[in-house]
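Student: I have a structure here, written as structure tokens, and I will follow up with some questions on it.
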Amino acid sequence: MTTKAKLRTCLLIDDDRTDQMLYRRIIERAGVFTKVLSFAYAEDAIAFLESSENRDVDAVFLDINLPRLNGFEFLDRVAAEMGGVLDGAVVVMLTTSPNPQDQQRAGGYDLVQEYFMKPLTVEHLNRVVEICHNRD
Amino acid sequence: MSTADTQLPLYPFSNATLGMVDAPPESAFDNLTRLATSVLSVPVALVSIVEFENDRQYFKSLQGLPEPWATERQTPLSHSFCQHVVKNNAPLAVENAREHPVVCNNLAVRDINVITYLGVPIYDPNEVPMGALCVIDSEPRHWYDTDITTLKQLARCVSDAIKLKAAVKTGEAIRAEQNAFAYAISHDLKSPANTLQLLLDEFDKLHRSKLDKDGCDLLDLSQETVVRMTGQIDDVLAFTRTIGVNCENEPVDLNELMQTVRDDLKAEIEHAGAILTIGPLPRVLGARVQLRSLLQNLISNAIKYRRPETPPVVNVSAQSNKNYVSITVADNGIGIAPEYHDRIFKMFHRLHVRDEYPGTGLGLSLCQQIANRHGGQVSVESSDGQGSTFTVELPLRLLCPVA
């Protein structure tokens, strides 16, 4: 894996400021993404995807329980309004919800590759990196 | 109720806890016995609960029974025809008791003048016979098959009414259990949260000086997080305590209650420079603790979700019509976009990250549950940036809120 090229942008969509900071530290320590962007609201992530010109997102860590638009609504909006903007990215749910209904619902999205329970671990991160590289 | 409904997992209840013996009459059963007397043209109809272990039959409903039986509402089994209906799980049709092999020596013939009798089984929620619906006359008479069919249909209504009572009681019991569970679990989480807070404080006192800036930041965040955790647990505890409280309805003067709420929120009001105007409010029948929590949450929200640089102005007023009293709490705050009006009442749903407006997402859900338990509801009118008006509608003839 070390021989592989570094992955590009990773999006963190989570409303907890402290969690975001900790995830960023874990991801940056692993040094697998060139850029880590954090969003507290799913709307802000959508605005970023709409405005960003170079679509270089390789991974999205998505919480479910968010203020206003929740994680699923984010996925619906992306699918309905933004075409294949995330088709090249690995989207994983990262949540505290142990609700089997949430997990089942996540499984219904083609975009969603994994369903991780918080907190984010190095193993989770390695799994995402592996999926990313297998796609190349 | 169809047979499909019998799949309901109902709790087992005794006749007493189900309110079928030693309990006041209920219209559900009294209407059926009344109907039985008129459809079958007989003077007496009974819903009789047979308790072999207590050597008695208890009349949950009775029509046309003479004294002293009408007042006592029960007889020993020596006077019971219905016991044979239960024992055999089958109808008993007696055209002339004096000549009937099973009941000719029954004391009801002598003491209550039971000459003609038709009884069919009624069933508990598990379909075990528990008594009989019966009709009685003091003159001999012939019973037709159609009479038995009619009485069976009425008896099915009695059994269904009993099943419905069990379903309601089961729902109440489950709700109480869940509430007790939520309370117990929050209570148990309090203790490790407190321990963690002490550990971090101890670490802070003795070791902060050895930490670099990053270490200090992490320690600060840890301490903030554990304080937040304790606060969230307290919120859940308060929620379960308010909702689970076994409340008696009492007359509540909302003007007095608002004074209490104003005192409760004194610090918030002063800090925000809020102007709170309170119009004349009615007296209502309700659970004081719950109504206080409802108003406190609405007003606290009106102050919290204010526009920056704009002191909150909160108006509380009331209107009544003949069915409902409406209490409105109107503010000049940030407002709520219409697409979020539904979800703000859902448990743990929030529209803001904690850094903007702190909270657990329990407040409005609590308000809605309190209003529901008073037979009313909370609704909102608002648009983004235009202030919000929350309206609590309570029925004027309040039933006791369900604990």
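Residues are referred to by chain and number: the chain letter is A, B, ... according to the order shown in the structure tokens, the number counts from 1 in that chain, and ligands are numbered separately from 1 in the order shown.
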Per residue of chain B within 7 Å of chain A, which atom pair is closest and at what distance in Å (one decimal), using only C-alpha atoms, listed by chain and increasing number, as a Markdown table?
Tutor:
| residue | atom | partner | partner_atom | distance |
| --- | --- | --- | --- | --- |
| B:His349 | CA | A:Pro67 | CA | 6.8 |
| B:Arg350 | CA | A:Pro67 | CA | 4.9 |
| B:Leu351 | CA | A:Pro67 | CA | 4.4 |
| B:His352 | CA | A:Pro67 | CA | 5.4 |
| B:Val353 | CA | A:Asp15 | CA | 5.7 |
Student: Now that the selection is made, can you save its residues with all heavy atoms as an mmCIF file, in the first residue's frame?
Tutor:
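New file result-v4.cif:
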data_model
loop_
_atom_site.group_PDB
_atom_site.id
_atom_site.type_symbol
_atom_site.label_atom_id
_atom_site.label_comp_id
_atom_site.auth_asym_id
_atom_site.auth_seq_id
_atom_site.Cartn_x
_atom_site.Cartn_y
_atom_site.Cartn_z
ATOM 1 N N HIS B 349 -33.798 15.525 17.630
ATOM 2 C CA HIS B 349 -33.579 16.243 16.374
ATOM 3 C C HIS B 349 -33.211 17.693 16.667
ATOM 4 O O HIS B 349 -33.834 18.347 17.481
ATOM 5 C CB HIS B 349 -34.842 16.201 15.498
ATOM 6 C CG HIS B 349 -34.890 14.998 14.641
ATOM 7 N ND1 HIS B 349 -34.552 14.996 13.318
ATOM 8 C CD2 HIS B 349 -35.199 13.715 14.936
ATOM 9 C CE1 HIS B 349 -34.667 13.781 12.829
ATOM 10 N NE2 HIS B 349 -35.073 12.976 13.787
ATOM 11 N N ARG B 350 -32.217 18.176 15.969
ATOM 12 C CA ARG B 350 -31.789 19.552 16.181
ATOM 13 C C ARG B 350 -31.576 20.216 14.824
ATOM 14 O O ARG B 350 -31.357 19.548 13.822
ATOM 15 C CB ARG B 350 -30.475 19.597 16.977
ATOM 16 C CG ARG B 350 -30.531 18.825 18.295
ATOM 17 C CD ARG B 350 -29.580 19.411 19.315
ATOM 18 N NE ARG B 350 -29.940 20.786 19.634
ATOM 19 C CZ ARG B 350 -29.104 21.816 19.605
ATOM 20 N NH1 ARG B 350 -27.848 21.648 19.257
ATOM 21 N NH2 ARG B 350 -29.519 23.033 19.891
ATOM 22 N N LEU B 351 -31.655 21.539 14.808
ATOM 23 C CA LEU B 351 -31.440 22.271 13.566
ATOM 24 C C LEU B 351 -30.101 22.995 13.553
ATOM 25 O O LEU B 351 -29.735 23.611 12.565
ATOM 26 C CB LEU B 351 -32.576 23.281 13.333
ATOM 27 C CG LEU B 351 -33.984 22.691 13.207
ATOM 28 C CD1 LEU B 351 -34.985 23.790 12.897
ATOM 29 C CD2 LEU B 351 -34.038 21.611 12.151
ATOM 30 N N HIS B 352 -29.387 22.934 14.681
ATOM 31 C CA HIS B 352 -28.127 23.679 14.768
ATOM 32 C C HIS B 352 -27.054 22.818 15.405
ATOM 33 O O HIS B 352 -27.352 21.934 16.196
ATOM 34 C CB HIS B 352 -28.308 24.932 15.640
ATOM 35 C CG HIS B 352 -29.396 25.822 15.147
ATOM 36 N ND1 HIS B 352 -29.186 26.756 14.168
ATOM 37 C CD2 HIS B 352 -30.698 25.899 15.467
ATOM 38 C CE1 HIS B 352 -30.325 27.379 13.910
ATOM 39 N NE2 HIS B 352 -31.264 26.870 14.680
ATOM 40 N N VAL B 353 -25.806 23.097 15.043
ATOM 41 C CA VAL B 353 -24.724 22.435 15.767
ATOM 42 C C VAL B 353 -24.610 23.072 17.152
ATOM 43 O O VAL B 353 -25.039 24.199 17.362
ATOM 44 C CB VAL B 353 -23.370 22.528 15.014
ATOM 45 C CG1 VAL B 353 -23.440 21.771 13.723
ATOM 46 C CG2 VAL B 353 -22.973 23.963 14.783
#
Student: At a cut-off of 9 Å, using only C-alpha atoms, what residues contact Leu7 of chain A? Leave out same-chain residues fewer than 5 positions from it and give the result as a ChimeraX atom specification.
Tutor: /A:32-35,57-59,129,132-133
Student: With a distance cut-off of 10 Å and only C-alpha atoms, select the neighbouring residues of Ala182 of chain B, excluding the residue or stretch itself and same-chain residues fewer than 5 positions from it, and output the selection as a list in words.
Tutor: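 Selected residues are Ala176, Glu177, His187, Asp188, Val236, Leu237, Phe239, Thr240 and Arg241 of chain B.
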Student: Go through segment 21-127 of chain A and collect every residue that DSSP, computed from the backbone, puts in strand (DSSP E or B); the answer should be as a compact mmCIF listing (two decimals) with N, CA, C and O atoms, in the first residue's frame.
Tutor:
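Result written to selection.txt:
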# COMPACT_ATOMS: atom_id res chain seq x y z
N PHE A 33 -4.46 11.00 3.04
CA PHE A 33 -5.15 11.95 2.16
C PHE A 33 -4.35 13.25 2.10
O PHE A 33 -3.75 13.66 3.10
N THR A 34 -4.36 13.89 0.93
CA THR A 34 -3.65 15.17 0.84
C THR A 34 -4.44 16.29 1.50
O THR A 34 -3.87 17.26 1.98
N LYS A 35 -5.77 16.14 1.53
CA LYS A 35 -6.58 17.23 2.07
C LYS A 35 -7.76 16.64 2.87
O LYS A 35 -8.40 15.68 2.42
N VAL A 36 -8.02 17.22 4.04
CA VAL A 36 -9.17 16.80 4.84
C VAL A 36 -10.07 18.01 5.05
O VAL A 36 -9.61 19.04 5.56
N LEU A 37 -11.34 17.92 4.62
CA LEU A 37 -12.26 19.04 4.78
C LEU A 37 -13.40 18.63 5.72
O LEU A 37 -13.98 17.56 5.58
N SER A 38 -13.71 19.52 6.67
CA SER A 38 -14.76 19.21 7.65
C SER A 38 -16.00 20.06 7.43
O SER A 38 -15.89 21.26 7.14
N PHE A 39 -17.17 19.43 7.59
CA PHE A 39 -18.44 20.15 7.48
C PHE A 39 -19.33 19.76 8.64
O PHE A 39 -19.50 18.57 8.92
N VAL A 57 -12.67 14.42 -4.81
CA VAL A 57 -13.04 13.77 -3.54
C VAL A 57 -12.87 12.25 -3.67
O VAL A 57 -13.49 11.63 -4.53
N ASP A 58 -12.04 11.68 -2.81
CA ASP A 58 -11.84 10.23 -2.85
C ASP A 58 -12.64 9.50 -1.76
O ASP A 58 -12.94 8.33 -1.91
N ALA A 59 -12.92 10.20 -0.66
CA ALA A 59 -13.64 9.53 0.42
C ALA A 59 -14.52 10.52 1.17
O ALA A 59 -14.19 11.71 1.27
N VAL A 60 -15.67 10.01 1.66
CA VAL A 60 -16.58 10.82 2.48
C VAL A 60 -16.92 10.02 3.73
O VAL A 60 -17.38 8.87 3.63
N PHE A 61 -16.66 10.60 4.89
CA PHE A 61 -17.12 10.02 6.15
C PHE A 61 -18.38 10.77 6.56
O PHE A 61 -18.33 11.97 6.82
N LEU A 62 -19.50 10.05 6.61
CA LEU A 62 -20.80 10.72 6.74
C LEU A 62 -21.52 10.25 8.00
O LEU A 62 -21.79 9.07 8.16
N VAL A 90 -15.35 6.93 -2.24
CA VAL A 90 -15.80 5.90 -1.31
C VAL A 90 -16.57 6.61 -0.19
O VAL A 90 -16.01 7.44 0.53
N VAL A 91 -17.87 6.32 -0.09
CA VAL A 91 -18.69 6.93 0.95
C VAL A 91 -18.91 5.91 2.07
O VAL A 91 -19.35 4.79 1.81
N VAL A 92 -18.57 6.28 3.29
CA VAL A 92 -18.83 5.39 4.43
C VAL A 92 -19.66 6.14 5.47
O VAL A 92 -19.46 7.33 5.69
N MET A 93 -20.61 5.42 6.07
CA MET A 93 -21.36 6.00 7.16
C MET A 93 -20.52 5.83 8.42
O MET A 93 -19.98 4.75 8.68
N LEU A 94 -20.45 6.90 9.22
CA LEU A 94 -19.70 6.85 10.47
C LEU A 94 -20.62 7.43 11.53
O LEU A 94 -20.87 8.63 11.54
N THR A 95 -21.17 6.56 12.37
CA THR A 95 -22.31 6.99 13.16
C THR A 95 -22.32 6.31 14.52
O THR A 95 -21.65 5.28 14.72
N VAL A 112 -22.89 3.96 -0.84
CA VAL A 112 -22.34 3.67 0.50
C VAL A 112 -21.61 2.33 0.50
O VAL A 112 -22.17 1.30 0.16
N GLN A 113 -20.34 2.37 0.89
CA GLN A 113 -19.49 1.17 0.85
C GLN A 113 -19.41 0.47 2.20
O GLN A 113 -19.27 -0.74 2.25
N GLU A 114 -19.44 1.22 3.27
CA GLU A 114 -19.27 0.63 4.59
C GLU A 114 -20.15 1.36 5.60
O GLU A 114 -20.56 2.49 5.37
N TYR A 115 -20.39 0.68 6.72
CA TYR A 115 -21.15 1.28 7.82
C TYR A 115 -20.31 1.08 9.07
O TYR A 115 -20.20 -0.03 9.59
N PHE A 116 -19.68 2.14 9.53
CA PHE A 116 -18.79 2.06 10.69
C PHE A 116 -19.47 2.66 11.91
O PHE A 116 -20.14 3.68 11.84
N MET A 117 -19.24 2.01 13.06
CA MET A 117 -19.70 2.60 14.32
C MET A 117 -18.58 3.49 14.85
O MET A 117 -17.42 3.13 14.85
Student: Would you mind reading off the distance between atom CA of Arg354 of chain B and atom CA of Thr260 of chain B, one decimal, in Å?
Tutor: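 Atom CA of Thr260 of chain B lies 27.9 Å from atom CA of Arg354 of chain B.
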